[in-house]
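Pasted below: final39.txt, compact mmCIF, C-alpha atoms and all ligand atoms.
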# COMPACT_ATOMS: atom_id res chain seq x y z
CA MET A 754 98.40 52.93 94.38
CA SER A 755 101.26 54.17 96.56
CA ASP A 756 99.73 57.45 97.61
CA VAL A 757 98.02 56.80 100.94
CA ARG A 758 96.92 60.27 101.88
CA LYS A 759 94.21 61.15 104.33
CA ILE A 760 92.88 64.65 103.85
CA PRO A 761 89.99 65.58 106.18
CA VAL A 762 87.49 68.19 105.01
CA MET A 763 88.07 70.42 108.06
CA ILE A 764 90.32 70.43 111.14
CA PRO A 765 90.01 73.09 113.81
CA MET A 766 93.24 75.01 114.45
CA LEU A 767 93.81 74.39 118.16
CA GLY A 768 97.24 74.88 119.74
CA GLU A 769 98.98 74.64 123.08
CA GLU A 770 97.80 78.22 123.78
CA GLU A 771 94.16 77.10 123.78
CA ALA A 772 95.00 74.15 126.05
CA LEU A 773 96.78 76.44 128.53
CA ALA A 774 93.98 79.00 128.47
CA ALA A 775 91.38 76.31 129.19
CA ALA A 776 93.56 74.97 132.02
CA ASP A 777 93.89 78.48 133.49
CA ALA A 778 90.13 78.82 133.53
CA VAL A 779 89.80 75.49 135.32
CA ARG A 780 92.49 76.42 137.86
CA SER A 781 90.78 79.76 138.54
CA GLY A 782 87.88 77.85 140.05
CA TRP A 783 85.35 79.86 138.01
CA VAL A 784 84.25 77.63 135.16
CA ALA A 785 80.69 78.80 134.43
CA GLN A 786 79.89 82.09 132.65
CA GLY A 787 82.17 84.72 134.21
CA PRO A 788 84.95 87.21 133.47
CA ARG A 789 86.36 85.34 130.48
CA VAL A 790 82.95 85.25 128.80
CA ALA A 791 82.62 89.02 129.38
CA ARG A 792 86.02 89.65 127.79
CA PHE A 793 85.34 87.31 124.88
CA GLU A 794 82.03 89.08 124.20
CA GLN A 795 83.70 92.48 124.08
CA GLU A 796 86.63 91.39 121.94
CA PHE A 797 84.48 89.41 119.52
CA ALA A 798 82.01 92.28 119.12
CA THR A 799 84.89 94.65 118.36
CA ALA A 800 86.31 92.21 115.80
CA VAL A 801 83.03 92.07 113.85
CA GLY A 802 82.20 95.76 114.19
CA ALA A 803 79.32 95.44 116.68
CA ALA A 804 78.80 97.41 119.89
CA GLN A 805 77.64 94.45 122.01
CA GLY A 806 78.22 90.71 122.08
CA VAL A 807 76.17 88.24 124.09
CA ALA A 808 77.80 84.81 124.28
CA VAL A 809 75.55 81.76 124.18
CA SER A 810 75.84 77.99 123.94
CA SER A 811 75.61 77.74 120.11
CA CYS A 812 74.54 79.58 117.00
CA THR A 813 71.31 77.58 117.12
CA THR A 814 70.46 79.07 120.52
CA ALA A 815 71.67 82.48 119.28
CA LEU A 816 69.13 82.29 116.43
CA HIS A 817 66.41 81.19 118.84
CA LEU A 818 67.06 84.18 121.13
CA ALA A 819 67.15 86.55 118.15
CA LEU A 820 63.63 85.44 117.22
CA VAL A 821 62.41 85.65 120.84
CA LEU A 822 63.84 89.19 120.91
CA HIS A 823 61.60 90.10 117.99
CA GLY A 824 58.54 88.64 119.72
CA LEU A 825 57.83 86.15 116.94
CA GLY A 826 55.35 83.35 117.49
CA PRO A 827 52.51 81.29 116.05
CA GLY A 828 50.96 82.79 112.91
CA ASP A 829 54.13 84.69 112.00
CA GLU A 830 56.07 83.80 108.89
CA VAL A 831 59.86 84.04 108.80
CA ILE A 832 61.60 83.85 105.43
CA VAL A 833 64.70 81.64 105.46
CA PRO A 834 66.84 79.97 102.82
CA SER A 835 66.21 76.23 102.59
CA LEU A 836 69.84 76.06 101.47
CA SER A 837 71.46 76.25 104.90
CA PHE A 838 72.33 74.09 107.84
CA ILE A 839 68.95 72.96 109.21
CA ALA A 840 69.33 75.00 112.43
CA THR A 841 68.36 78.16 110.52
CA ALA A 842 64.86 76.83 109.79
CA ASN A 843 64.53 74.96 113.10
CA ALA A 844 65.00 78.17 115.12
CA VAL A 845 61.82 79.53 113.52
CA ARG A 846 59.89 76.49 114.68
CA TYR A 847 61.28 76.84 118.24
CA VAL A 848 59.20 80.02 118.65
CA GLY A 849 56.15 78.45 116.98
CA ALA A 850 56.47 80.58 113.85
CA THR A 851 56.44 79.22 110.29
CA PRO A 852 59.61 79.06 108.18
CA ILE A 853 58.98 80.08 104.58
CA PHE A 854 61.68 78.90 102.22
CA ALA A 855 63.08 81.31 99.65
CA ASP A 856 65.42 80.45 96.79
CA VAL A 857 69.00 81.67 96.48
CA ASP A 858 71.40 83.15 93.97
CA LEU A 859 73.38 80.53 92.02
CA ALA A 860 76.76 82.22 92.39
CA THR A 861 76.71 83.09 96.10
CA GLY A 862 74.16 80.61 97.48
CA ASN A 863 72.53 83.56 99.25
CA LEU A 864 69.05 85.05 99.51
CA THR A 865 68.50 88.13 97.34
CA VAL A 866 65.92 90.92 97.45
CA GLU A 867 64.12 89.22 94.54
CA THR A 868 63.99 85.72 96.04
CA ILE A 869 62.70 87.12 99.34
CA ASP A 870 60.12 89.31 97.61
CA ALA A 871 58.81 86.28 95.71
CA VAL A 872 57.62 84.55 98.93
CA ARG A 873 56.68 87.59 101.02
CA THR A 874 53.07 87.65 102.33
CA PRO A 875 51.09 89.88 104.71
CA ARG A 876 52.06 87.46 107.51
CA THR A 877 55.81 87.83 106.94
CA ARG A 878 57.40 89.35 110.03
CA ALA A 879 61.11 88.60 109.69
CA ILE A 880 63.90 87.28 107.49
CA ILE A 881 66.86 85.16 108.51
CA ALA A 882 69.55 85.71 105.89
CA VAL A 883 72.62 83.44 105.95
CA HIS A 884 76.14 84.44 104.96
CA GLN A 885 76.44 81.14 103.11
CA GLY A 886 79.60 79.18 103.91
CA GLY A 887 81.21 82.54 104.66
CA VAL A 888 80.17 84.19 101.38
CA PRO A 889 78.53 87.42 102.51
CA PHE A 890 75.04 88.21 101.26
CA ASP A 891 74.51 91.71 99.89
CA THR A 892 74.18 93.44 103.26
CA ALA A 893 73.36 96.86 101.80
CA ALA A 894 70.57 95.54 99.55
CA LEU A 895 68.97 93.17 102.08
CA ARG A 896 69.11 95.54 105.05
CA LYS A 897 67.51 98.30 102.97
CA ALA A 898 64.79 95.99 101.61
CA ALA A 899 63.97 94.68 105.10
CA GLU A 900 63.66 98.23 106.37
CA ASP A 901 61.47 99.27 103.43
CA TRP A 902 59.21 96.27 104.02
CA GLY A 903 59.13 96.78 107.80
CA LEU A 904 60.59 93.32 108.45
CA ALA A 905 63.13 92.31 111.09
CA LEU A 906 66.37 91.02 109.58
CA VAL A 907 68.31 88.44 111.58
CA GLU A 908 71.72 87.66 110.11
CA ASP A 909 72.85 84.04 110.41
CA ALA A 910 76.59 84.72 110.47
CA ALA A 911 77.45 81.23 111.77
CA CYS A 912 80.12 80.85 109.11
CA ALA A 913 81.07 84.49 108.57
CA ALA A 914 83.70 85.47 111.17
CA GLY A 915 86.35 87.26 109.12
CA SER A 916 84.20 87.74 105.99
CA THR A 917 83.67 91.30 104.77
CA ALA A 918 80.95 93.21 102.92
CA TYR A 919 81.44 96.71 101.53
CA GLY A 920 84.89 96.84 103.12
CA GLN A 921 83.64 96.13 106.65
CA PRO A 922 83.37 92.95 108.74
CA ALA A 923 80.23 91.09 107.63
CA GLY A 924 78.48 91.77 110.96
CA THR A 925 79.05 95.53 110.97
CA GLY A 926 75.73 97.37 110.91
CA ALA A 927 73.63 94.22 111.43
CA ALA A 928 70.64 94.82 113.70
CA VAL A 929 71.02 91.28 115.11
CA ALA A 930 73.62 88.72 114.01
CA ALA A 931 74.14 85.15 115.23
CA TRP A 932 77.57 83.46 115.16
CA SER A 933 78.84 79.91 115.68
CA PHE A 934 81.98 78.53 117.30
CA HIS A 935 81.38 74.91 116.33
CA PRO A 936 84.60 73.16 115.18
CA ARG A 937 83.39 73.19 111.56
CA LYS A 938 83.57 77.00 111.59
CA VAL A 939 86.62 79.23 111.33
CA LEU A 940 86.81 79.96 115.09
CA THR A 941 85.89 77.36 117.67
CA THR A 942 85.17 77.04 121.37
CA GLY A 943 84.11 73.37 121.08
CA GLU A 944 80.46 74.40 121.02
CA GLY A 945 79.42 78.01 121.39
CA GLY A 946 77.78 80.99 119.80
CA MET A 947 77.27 84.73 120.04
CA VAL A 948 74.57 87.25 119.33
CA THR A 949 75.83 90.69 118.34
CA VAL A 950 73.74 93.85 118.42
CA ASP A 951 74.46 97.58 118.49
CA ASP A 952 71.57 98.44 120.79
CA ALA A 953 72.43 98.28 124.53
CA GLU A 954 68.82 97.57 125.56
CA LEU A 955 68.60 94.61 123.21
CA ALA A 956 71.86 93.30 124.67
CA THR A 957 70.44 93.58 128.20
CA ARG A 958 67.35 91.60 127.18
CA LEU A 959 69.52 88.97 125.45
CA ARG A 960 71.68 88.60 128.59
CA ARG A 961 68.53 88.00 130.57
CA LEU A 962 67.07 85.55 128.04
CA ARG A 963 70.19 83.38 128.07
CA GLU A 964 70.19 83.18 131.87
CA HIS A 965 66.74 82.12 133.09
CA GLY A 966 65.28 85.62 132.80
CA MET A 967 67.35 86.84 135.77
CA ASN A 968 67.80 90.58 136.20
CA VAL A 969 71.34 90.12 137.54
CA SER A 970 73.85 87.57 136.30
CA ALA A 971 75.17 84.85 138.59
CA ALA A 972 78.69 86.23 137.99
CA ASP A 973 77.68 89.76 139.12
CA ARG A 974 75.89 88.37 142.14
CA HIS A 975 79.00 86.42 143.08
CA ALA A 976 81.27 89.46 142.62
CA SER A 977 79.15 91.70 144.84
CA ALA A 978 80.22 92.26 148.46
CA GLN A 979 76.57 92.74 149.45
CA PRO A 980 73.91 90.06 149.14
CA VAL A 981 72.07 90.56 145.84
CA LEU A 982 68.54 89.25 145.48
CA GLU A 983 67.80 88.42 141.88
CA ALA A 984 64.39 88.53 140.25
CA TYR A 985 63.21 86.40 137.33
CA LEU A 986 61.53 88.81 134.94
CA GLU A 987 60.35 86.39 132.27
CA THR A 988 60.42 82.71 131.38
CA ALA A 989 63.72 82.20 129.63
CA TYR A 990 66.52 79.72 129.01
CA ASN A 991 69.89 78.44 130.12
CA TYR A 992 71.92 79.18 126.99
CA ARG A 993 75.12 80.25 128.74
CA MET A 994 78.67 79.75 127.50
CA THR A 995 81.25 78.56 130.04
CA ASP A 996 84.42 80.46 130.98
CA ILE A 997 86.45 77.45 129.78
CA GLN A 998 84.98 77.90 126.30
CA ALA A 999 85.48 81.68 126.37
CA ALA A 1000 89.14 81.19 127.38
CA VAL A 1001 89.62 79.09 124.23
CA GLY A 1002 87.65 81.64 122.21
CA LEU A 1003 89.89 84.51 123.28
CA VAL A 1004 92.95 82.67 121.98
CA GLN A 1005 91.11 81.71 118.78
CA LEU A 1006 90.13 85.31 118.16
CA GLY A 1007 93.81 86.23 118.08
CA ARG A 1008 94.21 83.76 115.22
CA LEU A 1009 91.30 85.05 113.15
CA ALA A 1010 93.17 87.28 110.69
CA GLY A 1011 95.85 84.64 110.12
CA LEU A 1012 93.34 81.83 109.63
CA VAL A 1013 91.27 83.86 107.18
CA GLY A 1014 94.39 84.92 105.25
CA GLN A 1015 95.45 81.30 104.95
CA ARG A 1016 91.97 80.15 103.89
CA ARG A 1017 91.80 82.84 101.23
CA ALA A 1018 95.22 81.84 99.87
CA LEU A 1019 94.16 78.18 99.70
CA ALA A 1020 90.88 79.16 98.02
CA ALA A 1021 92.81 81.14 95.41
CA GLY A 1022 94.98 78.05 94.90
CA TYR A 1023 91.94 75.87 94.20
CA GLN A 1024 90.44 78.52 91.91
CA SER A 1025 93.52 78.65 89.72
CA LEU A 1026 94.07 74.86 89.69
CA LEU A 1027 90.41 74.32 88.73
CA ALA A 1028 90.39 77.01 86.03
CA ASP A 1029 91.10 74.64 83.14
CA ILE A 1030 88.49 72.00 84.05
CA ASP A 1031 85.36 72.56 81.97
CA GLY A 1032 82.19 72.37 84.00
CA LEU A 1033 83.60 72.86 87.50
CA VAL A 1034 82.70 76.25 88.94
CA PRO A 1035 84.41 77.13 92.21
CA VAL A 1036 82.81 79.57 94.65
CA ARG A 1037 84.21 83.12 94.39
CA ASP A 1038 84.02 86.43 96.21
CA PRO A 1039 80.97 88.49 95.26
CA ALA A 1040 81.60 91.98 93.86
CA TYR A 1041 80.66 93.68 97.17
CA GLY A 1042 82.73 91.61 99.56
CA GLN A 1043 85.15 88.87 100.52
CA SER A 1044 84.48 85.38 101.84
CA ASN A 1045 86.49 83.79 104.64
CA PHE A 1046 85.98 80.58 102.59
CA GLN A 1047 84.70 78.71 105.63
CA SER A 1048 83.29 76.32 103.01
CA PHE A 1049 84.93 76.06 99.61
CA TRP A 1050 82.36 74.59 97.26
CA VAL A 1051 82.48 73.64 93.61
CA LEU A 1052 79.39 73.44 91.40
CA ILE A 1053 79.33 70.72 88.76
CA ASN A 1054 77.98 71.77 85.35
CA ALA A 1055 77.85 70.23 81.89
CA PRO A 1056 80.09 69.12 80.20
CA TYR A 1057 81.65 67.61 83.35
CA ARG A 1058 80.61 63.99 83.04
CA THR A 1059 80.81 62.53 86.54
CA GLY A 1060 77.94 63.05 88.96
CA ARG A 1061 78.53 64.63 92.36
CA ASP A 1062 78.03 61.47 94.43
CA GLU A 1063 80.43 59.51 92.21
CA VAL A 1064 83.00 62.28 92.57
CA LEU A 1065 82.65 62.14 96.36
CA ALA A 1066 83.03 58.36 96.32
CA GLU A 1067 86.16 58.48 94.17
CA LEU A 1068 87.72 61.18 96.34
CA ALA A 1069 86.95 59.09 99.43
CA ARG A 1070 88.58 56.03 97.82
CA ARG A 1071 91.74 58.10 97.42
CA GLY A 1072 91.74 59.41 100.99
CA VAL A 1073 90.08 62.76 100.37
CA SER A 1074 87.20 63.56 102.66
CA ALA A 1075 85.04 65.97 100.67
CA ARG A 1076 81.38 66.66 101.51
CA ARG A 1077 78.13 67.09 99.65
CA GLY A 1078 77.30 70.76 99.14
CA ILE A 1079 75.19 72.74 101.58
CA MET A 1080 72.00 70.90 102.53
CA ALA A 1081 68.46 71.95 101.64
CA ALA A 1082 66.17 71.79 104.67
CA HIS A 1083 62.98 71.38 102.62
CA LEU A 1084 64.25 68.02 101.28
CA GLU A 1085 64.69 66.55 104.77
CA PRO A 1086 62.07 64.37 106.49
CA ALA A 1087 61.74 66.97 109.27
CA TYR A 1088 60.21 69.35 106.70
CA ALA A 1089 58.21 66.80 104.70
CA ASP A 1090 55.02 68.54 105.85
CA VAL A 1091 55.80 71.82 104.08
CA SER A 1092 55.31 72.40 100.37
CA PRO A 1093 57.40 75.41 99.47
CA ALA A 1094 57.27 77.37 96.23
CA PRO A 1095 59.69 75.90 93.67
CA LEU A 1096 63.33 76.24 94.76
CA PRO A 1097 65.20 75.33 91.55
CA VAL A 1098 68.51 77.01 92.39
CA THR A 1099 68.57 75.59 95.92
CA GLU A 1100 67.95 72.08 94.56
CA ARG A 1101 70.56 72.55 91.87
CA ILE A 1102 73.25 73.65 94.34
CA THR A 1103 72.51 70.99 96.94
CA ARG A 1104 72.46 68.24 94.28
CA ASP A 1105 75.43 69.28 92.16
CA SER A 1106 77.98 70.84 94.51
CA LEU A 1107 80.67 69.48 96.75
CA ILE A 1108 82.80 71.00 99.48
CA LEU A 1109 86.57 70.47 99.18
CA PRO A 1110 88.99 70.12 102.13
CA LEU A 1111 90.23 73.49 103.32
CA HIS A 1112 92.09 74.00 106.61
CA HIS A 1113 95.50 74.93 107.98
CA LYS A 1114 96.99 71.48 107.25
CA VAL A 1115 96.06 71.43 103.54
CA THR A 1116 99.21 71.92 101.42
CA GLU A 1117 99.57 73.08 97.82
CA ASP A 1118 100.60 69.53 97.03
CA ASP A 1119 97.34 68.22 98.57
CA GLN A 1120 95.42 70.68 96.42
CA ARG A 1121 97.14 69.46 93.24
CA TYR A 1122 96.44 65.86 94.28
CA ILE A 1123 92.73 66.63 94.80
CA VAL A 1124 92.34 68.65 91.61
CA ASP A 1125 94.16 65.96 89.59
CA ILE A 1126 91.47 63.48 90.68
CA LEU A 1127 88.74 65.95 89.68
CA ARG A 1128 90.45 66.40 86.30
CA GLU A 1129 90.55 62.63 85.72
CA LEU A 1130 86.79 62.48 86.31
CA ALA A 1131 86.05 65.38 83.94
C1 LIG A 1201 76.72 75.73 111.76
C2 LIG A 1201 75.57 76.55 111.43
C3 LIG A 1201 74.55 76.82 112.36
C4 LIG A 1201 74.49 76.15 113.70
O1 LIG A 1201 75.58 76.49 114.51
P1 LIG A 1201 75.76 75.74 115.90
O2 LIG A 1201 76.74 76.64 116.63
O3 LIG A 1201 76.33 74.39 115.61
O4 LIG A 1201 74.46 75.70 116.58
C5 LIG A 1201 73.53 77.67 112.00
N1 LIG A 1201 73.49 78.24 110.78
C6 LIG A 1201 74.43 78.00 109.86
C7 LIG A 1201 74.36 78.67 108.52
C8 LIG A 1201 75.50 77.14 110.14
O5 LIG A 1201 76.42 76.90 109.20
Transcribe the structure of this file into structure tokens.
Ligand SMILES: *Cc1c(COP(=O)(O)O)cnc(C)c1O
Amino acid sequence: MSDVRKIPVMIPMLGEEEALAAADAVRSGWVAQGPRVARFEQEFATAVGAAQGVAVSSCTTALHLALVLHGLGPGDEVIVPSLSFIATANAVRYVGATPIFADVDLATGNLTVETIDAVRTPRTRAIIAVHQGGVPFDTAALRKAAEDWGLALVEDAACAAGSTAYGQPAGTGAAVAAWSFHPRKVLTTGEGGMVTVDDAELATRLRRLREHGMNVSAADRHASAQPVLEAYLETAYNYRMTDIQAAVGLVQLGRLAGLVGQRRALAAGYQSLLADIDGLVPVRDPAYGQSNFQSFWVLINAPYRTGRDEVLAELARRGVSARRGIMAAHLEPAYADVSPAPLPVTERITRDSLILPLHHKVTEDDQRYIVDILRELA
């Protein structure tokens, strides 16, 4: 075999501009949360159609704060998809509430009004809905249902920067949305996250919660000519982002449209190359929106005759680093103590799907190489 390719599943797009921006932040002498974080918050919020952004250390901490904001605690049930990165369910346990797993739609991998309704109880207080791998959930339907039921809706938009629903950025109109800047996502700051809200009072509380409950930020205190005595209004957290990360984030934000355009073109390439392979169903845009294709997954159906794990192994042998599909939290040891209602679609997707390499270094030739292997295994 002469072809010795190495195709990673994801590579963050980081250039000299990010390196210079990080160096500038270091040289400025202000490396903790400061002016660059404030600018990144504003520009990110604008990009996703929200009034306010509150930068935090990760999407996991963003989700935690979103649940604290809603006052959730022991005895409260929060409906989440099991089919998600495990942080979605874990955040519920951080506040002492109980995650209740709901099933998802086979085509989008997302919660629907019906799957949520099926596990709703009198103790349900909130829903965390995930824009799965960048595929937007039906924002209009879920936001309306949550309102009708009197439930808080937290949107886990970890993967959704640059996705759209009903012609708007996926975060537009969300009461509370949580975002990730981990290198596996479309935009990265190394680690990092954001909470977006439209309500200024919620933003003030979030700013306090991420910074020890202080009524004035360390950056504002430092900028003031007069001594400022801070007060600690509640027991809170240190979930701050650094100015070094925000400097990188500001450069990344300028790349968002280009990165999403490129991902969508590569996704379309896979979709057309895969079209003639019976039994392989690539993820697609839903009718109401567009994915940023943060994850490009393929579901294996009959009559395709090779199992998912064998496909992954063969791809790996030929230098292609694919991944199992999105995980299901309820199948992990950490959740062995819960016995959810049956989740047949979740189990189907997590067992029979795989995520193909998609990033700025993937070429059309790489895509043909990958799909040729999949065709051989058909
Ligand atoms: C990646 C991811 C998270 C966690 O994001 P971090 O920034 O790594 O904490 C949460 N939810 C979903 C759906 C994710 O994909």
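Take the candidates A:Asp952, A:Asp1105, A:Asp858, A:Asp909 and check each one against ligand LIG 1201 (chain A) using only C-alpha atoms and all ligand atoms; the shortest distance goes to A:Asp909.
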Using all atoms listed in the file, determine which residues lie at most 10 Å from A:Glu1085, disregarding the query and same-chain residues fewer than 5 positions distant; provide the list as a list in words.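 Answer for this query is Ile839, Met1080 and Asp1090 of chain A.
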Can I get the selection written as a PDB file, in the frame of the given file, with C-alpha atoms?
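Written output follows (selection.pdb):
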ATOM      1  CA  ILE A 839      68.950  72.960 109.210  1.00  0.00           C
ATOM      2  CA  MET A1080      72.000  70.900 102.530  1.00  0.00           C
ATOM      3  CA  ASP A1090      55.020  68.540 105.850  1.00  0.00           C
TER       4      ASP A1090
END
Within 9 Å of stretch 772-788 of chain A: each stretch 927-972 of chain A residue with its shortest pair, all atoms listed in the file, as a tab-separated table:
residue	atom	partner	partner_atom	distance
A:Ser970	CA	A:Gln786	CA	8.9
A:Ala971	CA	A:Gln786	CA	8.1
A:Ala972	CA	A:Gly787	CA	5.4
Taking only C-alpha atoms and all ligand atoms into account, which residues have an atom no farther than 8 Å from ligand LIG 1201 (chain A)? I'd like them as an MDAnalysis selection string. chainID A and resid 810:816 837:841 883:886 909:912 932:935 937:938 944:946
Please provide the set of residues having any atom within 12 Å of A:Ala1066, restricted to all atoms listed in the file, with same-chain residues fewer than 2 positions apart removed, written as a PyMOL selection string. chain A and resi 1059-1064+1068-1077+1107+1126-1127+1130
From the options A:Val866, A:Ile1053, A:Val821, A:Pro936, which residue's atoms come nearest to A:Arg846, counting all atoms listed in the file? A:Val821
Could you pull the residues within 12 Å of A:Leu904, counting only C-alpha atoms, minus those fewer than 4 positions along the same chain, as a PyMOL selection string? chain A and resi 823+825+829-832+869-870+873-881+895-900+928
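Residues in contact range of stretch 1001-1011 of chain A, defined as at most 8 Å between all atoms listed in the file, with sequence neighbours fewer than 3 positions away removed, read Leu767, Glu770, Glu771, Ala772, Ala774, Ala775, Arg792, Phe793, Glu796, Phe797, Ala914, Gly915, Val939, Leu940, Thr941, Thr942, Ile997, Gln998, Gly1014 and Gln1015 of chain A.
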So how many Å separate atom CA of A:Val790 and atom CA of A:Arg1017, to one decimal? 29.1 Å
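For the pair atom CA of A:Arg1101 and atom CA of A:Ala842, the interatomic distance is 19.3 Å.
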Go ahead and fit an axis-aligned box to every listed atom of stretch 952-960 of chain A plus 8 Å each side, and pass me the centre and edge lengths in Å, one decimal, as JSON.
{"center_x": 69.9, "center_y": 93.5, "center_z": 124.7, "size_x": 21.1, "size_y": 25.8, "size_z": 23.8}
Nearby residues (only C-alpha atoms) at most 12 Å from A:Ser1025, same-chain spacing under 5 positions excluded, as a ChimeraX atom specification: /A:1018-1020,1030,1033-1037,1117,1120-1121,1124
Rank A:Thr949, A:Thr892, A:Ser835, A:Gln1043 by their smallest atom-to-atom distance to A:Pro1097, using only C-alpha atoms, and report the top residue only.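 Once distances to A:Pro1097 are computed over only C-alpha atoms, the minimum belongs to A:Ser835.
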Interatomic distance between atom CA of A:Tyr1122 and atom CA of A:Pro765? 21.8 Å
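Of the listed residues A:Leu822, A:Val757, A:Leu955, A:Ala905, the one whose atoms come nearest to A:Gln805 is A:Leu955, with distances taken using only C-alpha atoms.
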Check the smallest atom-to-atom distance from each of A:Ala956, A:Gln795, A:Gly966, A:Ile1102 to A:Tyr990 using only C-alpha atoms, then report the winner.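 Between A:Ala956, A:Gln795, A:Gly966, A:Ile1102, the residue approaching A:Tyr990 most closely is A:Gly966.
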Residues of stretch 966-1051 of chain A that approach stretch 1108-1113 of chain A to 8 Å or less, counting only C-alpha atoms: could you list each one with the shortest pair of atoms and its distance in Å to one decimal, rows by chain and increasing residue number, as JSON lines?
{"residue": "A:Leu1012", "atom": "CA", "partner": "A:His1113", "partner_atom": "CA", "distance": 7.4}
{"residue": "A:Gln1015", "atom": "CA", "partner": "A:His1113", "partner_atom": "CA", "distance": 7.1}
{"residue": "A:Arg1016", "atom": "CA", "partner": "A:His1112", "partner_atom": "CA", "distance": 6.7}
{"residue": "A:Leu1019", "atom": "CA", "partner": "A:Leu1111", "partner_atom": "CA", "distance": 7.1}
{"residue": "A:Ala1020", "atom": "CA", "partner": "A:Leu1111", "partner_atom": "CA", "distance": 7.8}
{"residue": "A:Gln1047", "atom": "CA", "partner": "A:Leu1111", "partner_atom": "CA", "distance": 7.9}
{"residue": "A:Ser1048", "atom": "CA", "partner": "A:Ile1108", "partner_atom": "CA", "distance": 6.4}
{"residue": "A:Phe1049", "atom": "CA", "partner": "A:Ile1108", "partner_atom": "CA", "distance": 5.5}
{"residue": "A:Trp1050", "atom": "CA", "partner": "A:Ile1108", "partner_atom": "CA", "distance": 4.2}
{"residue": "A:Val1051", "atom": "CA", "partner": "A:Ile1108", "partner_atom": "CA", "distance": 6.4}
Reconstruct N, CA and C atoms of stretch 1013-1027 of chain A; output as an mmCIF file, keeping the file's coordinate frame.
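Heads up, here's the output in result_2.cif:
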data_model
loop_
_atom_site.group_PDB
_atom_site.id
_atom_site.type_symbol
_atom_site.label_atom_id
_atom_site.label_comp_id
_atom_site.auth_asym_id
_atom_site.auth_seq_id
_atom_site.Cartn_x
_atom_site.Cartn_y
_atom_site.Cartn_z
ATOM 1 N N VAL A 1013 92.018 83.423 108.363
ATOM 2 C CA VAL A 1013 91.270 83.860 107.180
ATOM 3 C C VAL A 1013 92.240 84.089 106.012
ATOM 4 N N GLY A 1014 93.394 84.695 106.303
ATOM 5 C CA GLY A 1014 94.390 84.920 105.250
ATOM 6 C C GLY A 1014 94.810 83.606 104.608
ATOM 7 N N GLN A 1015 95.034 82.605 105.449
ATOM 8 C CA GLN A 1015 95.450 81.300 104.950
ATOM 9 C C GLN A 1015 94.332 80.635 104.142
ATOM 10 N N ARG A 1016 93.096 80.743 104.617
ATOM 11 C CA ARG A 1016 91.970 80.150 103.890
ATOM 12 C C ARG A 1016 91.807 80.813 102.531
ATOM 13 N N ARG A 1017 91.966 82.137 102.502
ATOM 14 C CA ARG A 1017 91.800 82.840 101.230
ATOM 15 C C ARG A 1017 92.904 82.458 100.237
ATOM 16 N N ALA A 1018 94.118 82.255 100.754
ATOM 17 C CA ALA A 1018 95.220 81.840 99.870
ATOM 18 C C ALA A 1018 94.947 80.443 99.304
ATOM 19 N N LEU A 1019 94.458 79.542 100.174
ATOM 20 C CA LEU A 1019 94.160 78.180 99.700
ATOM 21 C C LEU A 1019 92.994 78.196 98.708
ATOM 22 N N ALA A 1020 92.009 79.051 98.958
ATOM 23 C CA ALA A 1020 90.880 79.160 98.020
ATOM 24 C C ALA A 1020 91.375 79.648 96.663
ATOM 25 N N ALA A 1021 92.258 80.635 96.676
ATOM 26 C CA ALA A 1021 92.810 81.140 95.410
ATOM 27 C C ALA A 1021 93.572 80.031 94.697
ATOM 28 N N GLY A 1022 94.258 79.194 95.473
ATOM 29 C CA GLY A 1022 94.980 78.050 94.900
ATOM 30 C C GLY A 1022 94.025 77.107 94.173
ATOM 31 N N TYR A 1023 92.947 76.730 94.842
ATOM 32 C CA TYR A 1023 91.940 75.870 94.200
ATOM 33 C C TYR A 1023 91.381 76.534 92.943
ATOM 34 N N GLN A 1024 91.056 77.830 93.056
ATOM 35 C CA GLN A 1024 90.440 78.520 91.910
ATOM 36 C C GLN A 1024 91.353 78.464 90.697
ATOM 37 N N SER A 1025 92.660 78.650 90.906
ATOM 38 C CA SER A 1025 93.520 78.650 89.720
ATOM 39 C C SER A 1025 93.767 77.224 89.216
ATOM 40 N N LEU A 1026 93.879 76.255 90.138
ATOM 41 C CA LEU A 1026 94.070 74.860 89.690
ATOM 42 C C LEU A 1026 92.847 74.344 88.927
ATOM 43 N N LEU A 1027 91.648 74.826 89.338
ATOM 44 C CA LEU A 1027 90.410 74.320 88.730
ATOM 45 C C LEU A 1027 90.062 75.049 87.427
#
